[in-house]
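Here is the structure we will look at.
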Amino acid sequence: MKQKFKAIIFDLDGTLVNTIDDLKRACDIVLKEYGRDYDWSIADYKKFVGNGIKKLVERAFDHTLNAAELDEAFRKVSTIYNRIKLDNAHAYDGIKEQLALLKEKGLKLAVVTNKPDNAAKDMVYHIFGKDTFDFISGAVEGIPHKPAPDSTIRALKAIGCTAEEALFFGDSNVDMQTAKNAGIKAIGVTWGFRSKEELEKENPFAIISKTSDIIKQF
């Protein structure tokens with residue numbers, strides 16, 4: 001196994017970077033503007049994320065918005081989040097060191113996320129620099145979001161690897177399903193936003209609990 005894989009695809013939020021504080025703050029600001037007093041906790045928001053910001057907003061508003069209202073709230077939250085997204089976002093402990101070790105082994109590294117493409121690239125470049133990842137695929141109009149495999153297949157083509165040559169690391173059922181749909185072995189990580197139990201239900205290739213376990217897969 002250790003000689004087989006040539007590339008790693010990482011989810012972003014909850015896998016590489018802890019972004020939950022700023023996502024919560026952006027949503028809370030708009031909820032307050034709309035007079036909604038839900039008082040969601042960090043634990044609540046960790047369950048809301050994973051399918052893109054629009055779905056996050058829908059869940060934060062407890063599915064009470066019609067289509068037009070949701071579009072408006074989504075735009076408001078997106079604008080605020082884009083302004084504050086780097087205020088508290090930070091790489092999980094040990095992630096930068098793991099990425100350096102993987103690059104030393106000559107592995108190709110990519111990010112596939114449902115975060116808007118520009119926001120994803122801004123965050124990755126700010127936290128990891130411009131030379132760490134070979135390709136970054138955020139949400140782009142016309143390309144279905146995860147768990148659809150389209151963005152992952154796009155990333156594989158960009159880095160010149162087949163699905164059999166890659167592993168997909170993520171923290172949620174969405175990531176595990178994305179990997180399965182793309183024909184890639186999935187590694188669930190438990191330091192992110194979702195529970196080990198959620199990951200286990202998707203029958204991933206492996207589940208790891210420490211960032212230092214990443215390099216042990218190769």
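Labels for the structure tokens follow display order: chains A, B, ..., residues from 1 in each chain, ligands from 1.
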Practice task
Determine which residues of segment 85-155 of chain A receive a DSSP assignment of alpha helix (DSSP H), computed from the backbone, and state them as a VMD selection string.
Solution key: chain A and resid 95 to 104 117 to 128 150 to 155
Practice task
Give me the residues within 12 Å of Ile184 of chain A as a list in words, counting only C-alpha atoms and dropping any in the same chain fewer than 6 places off.
Solution key: Phe5, Ala7, Ile8, Ile9, Phe10, Pro149, Thr152, Ile153, Leu156, Cys161, Thr162, Ala163, Glu164, Glu165, Ala166, Leu167, Phe168, Phe169, Asp175, Met176, Gln177, Thr178, Pro204 and Phe205 of chain A
Practice task
Could you give me the residues within segment 11-218 of chain A that DSSP places in strand (DSSP E or B), as a ChimeraX atom specification?
Solution key: /A:13,17-18,90-91,108-116,135-139,166-170,185-189,206-208
Could you write out the selected residues, including N, CA and C atoms, as a short mmCIF file (atom, residue, chain, number, x, y, z; two decimals), in the first residue's frame?
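Generated output (out.cif):
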```cif
data_model
loop_
_atom_site.label_atom_id
_atom_site.label_comp_id
_atom_site.auth_asym_id
_atom_site.auth_seq_id
_atom_site.Cartn_x
_atom_site.Cartn_y
_atom_site.Cartn_z
N ASP A 13 -12.30 22.72 5.35
CA ASP A 13 -12.88 23.06 6.65
C ASP A 13 -13.07 21.80 7.50
N VAL A 17 -8.13 22.98 8.20
CA VAL A 17 -8.27 24.27 8.88
C VAL A 17 -9.53 24.28 9.76
N ASN A 18 -9.38 24.82 10.96
CA ASN A 18 -10.53 25.03 11.83
C ASN A 18 -11.13 26.40 11.50
N HIS A 90 -7.41 28.72 11.47
CA HIS A 90 -6.03 28.28 11.70
C HIS A 90 -5.90 26.80 11.37
N ALA A 91 -4.70 26.44 10.96
CA ALA A 91 -4.44 25.02 10.67
C ALA A 91 -4.50 24.22 11.96
N LYS A 108 1.64 14.28 -4.60
CA LYS A 108 0.87 15.42 -5.07
C LYS A 108 -0.21 15.73 -4.03
N LEU A 109 -0.45 17.02 -3.79
CA LEU A 109 -1.42 17.43 -2.78
C LEU A 109 -2.47 18.34 -3.41
N ALA A 110 -3.73 18.06 -3.10
CA ALA A 110 -4.83 18.88 -3.63
C ALA A 110 -5.85 19.12 -2.53
N VAL A 111 -6.62 20.19 -2.70
CA VAL A 111 -7.74 20.51 -1.81
C VAL A 111 -9.02 20.50 -2.63
N VAL A 112 -10.03 19.82 -2.10
CA VAL A 112 -11.36 19.84 -2.72
C VAL A 112 -12.36 20.22 -1.63
N THR A 113 -13.03 21.34 -1.83
CA THR A 113 -13.91 21.88 -0.80
C THR A 113 -15.17 22.47 -1.42
N ASN A 114 -16.22 22.55 -0.61
CA ASN A 114 -17.45 23.24 -1.03
C ASN A 114 -17.42 24.72 -0.71
N LYS A 115 -16.33 25.18 -0.12
CA LYS A 115 -16.16 26.62 0.10
C LYS A 115 -15.99 27.31 -1.25
N PRO A 116 -16.55 28.51 -1.45
CA PRO A 116 -16.38 29.21 -2.73
C PRO A 116 -14.92 29.25 -3.16
N PHE A 135 -3.06 21.76 -6.46
CA PHE A 135 -4.33 22.18 -7.04
C PHE A 135 -5.34 22.41 -5.93
N ILE A 136 -6.16 23.44 -6.11
CA ILE A 136 -7.22 23.76 -5.15
C ILE A 136 -8.53 23.87 -5.92
N SER A 137 -9.52 23.09 -5.51
CA SER A 137 -10.82 23.11 -6.18
C SER A 137 -11.89 23.50 -5.17
N GLY A 138 -12.32 24.77 -5.25
CA GLY A 138 -13.45 25.22 -4.45
C GLY A 138 -14.72 25.15 -5.26
N ALA A 139 -15.80 25.65 -4.67
CA ALA A 139 -17.09 25.63 -5.36
C ALA A 139 -17.07 26.59 -6.55
N ALA A 166 -4.86 7.69 -5.44
CA ALA A 166 -5.10 8.77 -4.48
C ALA A 166 -5.82 8.30 -3.23
N LEU A 167 -5.66 9.08 -2.17
CA LEU A 167 -6.45 8.94 -0.96
C LEU A 167 -7.17 10.25 -0.70
N PHE A 168 -8.34 10.17 -0.10
CA PHE A 168 -9.13 11.37 0.20
C PHE A 168 -9.30 11.47 1.71
N PHE A 169 -8.80 12.56 2.30
CA PHE A 169 -8.92 12.78 3.74
C PHE A 169 -10.02 13.81 4.01
N GLY A 170 -10.96 13.46 4.89
CA GLY A 170 -12.02 14.39 5.23
C GLY A 170 -12.62 14.09 6.59
N LYS A 185 -10.24 5.75 -2.22
CA LYS A 185 -10.28 5.30 -0.83
C LYS A 185 -10.33 6.51 0.10
N ALA A 186 -11.21 6.45 1.10
CA ALA A 186 -11.41 7.58 2.01
C ALA A 186 -10.77 7.31 3.37
N ILE A 187 -10.17 8.37 3.93
CA ILE A 187 -9.65 8.34 5.29
C ILE A 187 -10.43 9.37 6.10
N GLY A 188 -11.17 8.91 7.10
CA GLY A 188 -11.91 9.82 7.96
C GLY A 188 -11.02 10.35 9.08
N VAL A 189 -11.14 11.63 9.39
CA VAL A 189 -10.37 12.24 10.48
C VAL A 189 -11.34 12.72 11.56
N ALA A 206 -10.09 3.91 6.29
CA ALA A 206 -9.51 4.00 7.64
C ALA A 206 -10.05 5.25 8.31
N ILE A 207 -9.96 5.27 9.64
CA ILE A 207 -10.28 6.45 10.43
C ILE A 207 -9.08 6.76 11.32
N ILE A 208 -8.66 8.01 11.34
CA ILE A 208 -7.52 8.39 12.17
C ILE A 208 -7.92 9.50 13.13
#
```
Practice task
Would you mind reading off the distance between atom CA of Gly14 of chain A and atom CA of Asp171 of chain A, one decimal, in Å?
Solution key: 6.0 Å
Handout entry: 10 Å contact set for Ser209 of chain A, only C-alpha atoms, chain neighbours under 5 positions out, as an MDAnalysis selection string
Key = chainID A and resid 188:192 196 214
For C-alpha atoms, I'd like the residues from the last selection saved as a short mmCIF file (atom, residue, chain, number, x, y, z; two decimals), in the first residue's frame.
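Listing of part17.cif after writing:
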```
data_model
loop_
_atom_site.label_atom_id
_atom_site.label_comp_id
_atom_site.auth_asym_id
_atom_site.auth_seq_id
_atom_site.Cartn_x
_atom_site.Cartn_y
_atom_site.Cartn_z
CA GLY A 188 -11.91 9.82 7.96
CA VAL A 189 -10.37 12.24 10.48
CA THR A 190 -11.91 12.75 13.92
CA TRP A 191 -10.33 16.09 14.89
CA GLY A 192 -12.76 18.07 12.72
CA LYS A 196 -16.35 9.19 14.63
CA ILE A 214 -1.56 11.09 8.21
#
```
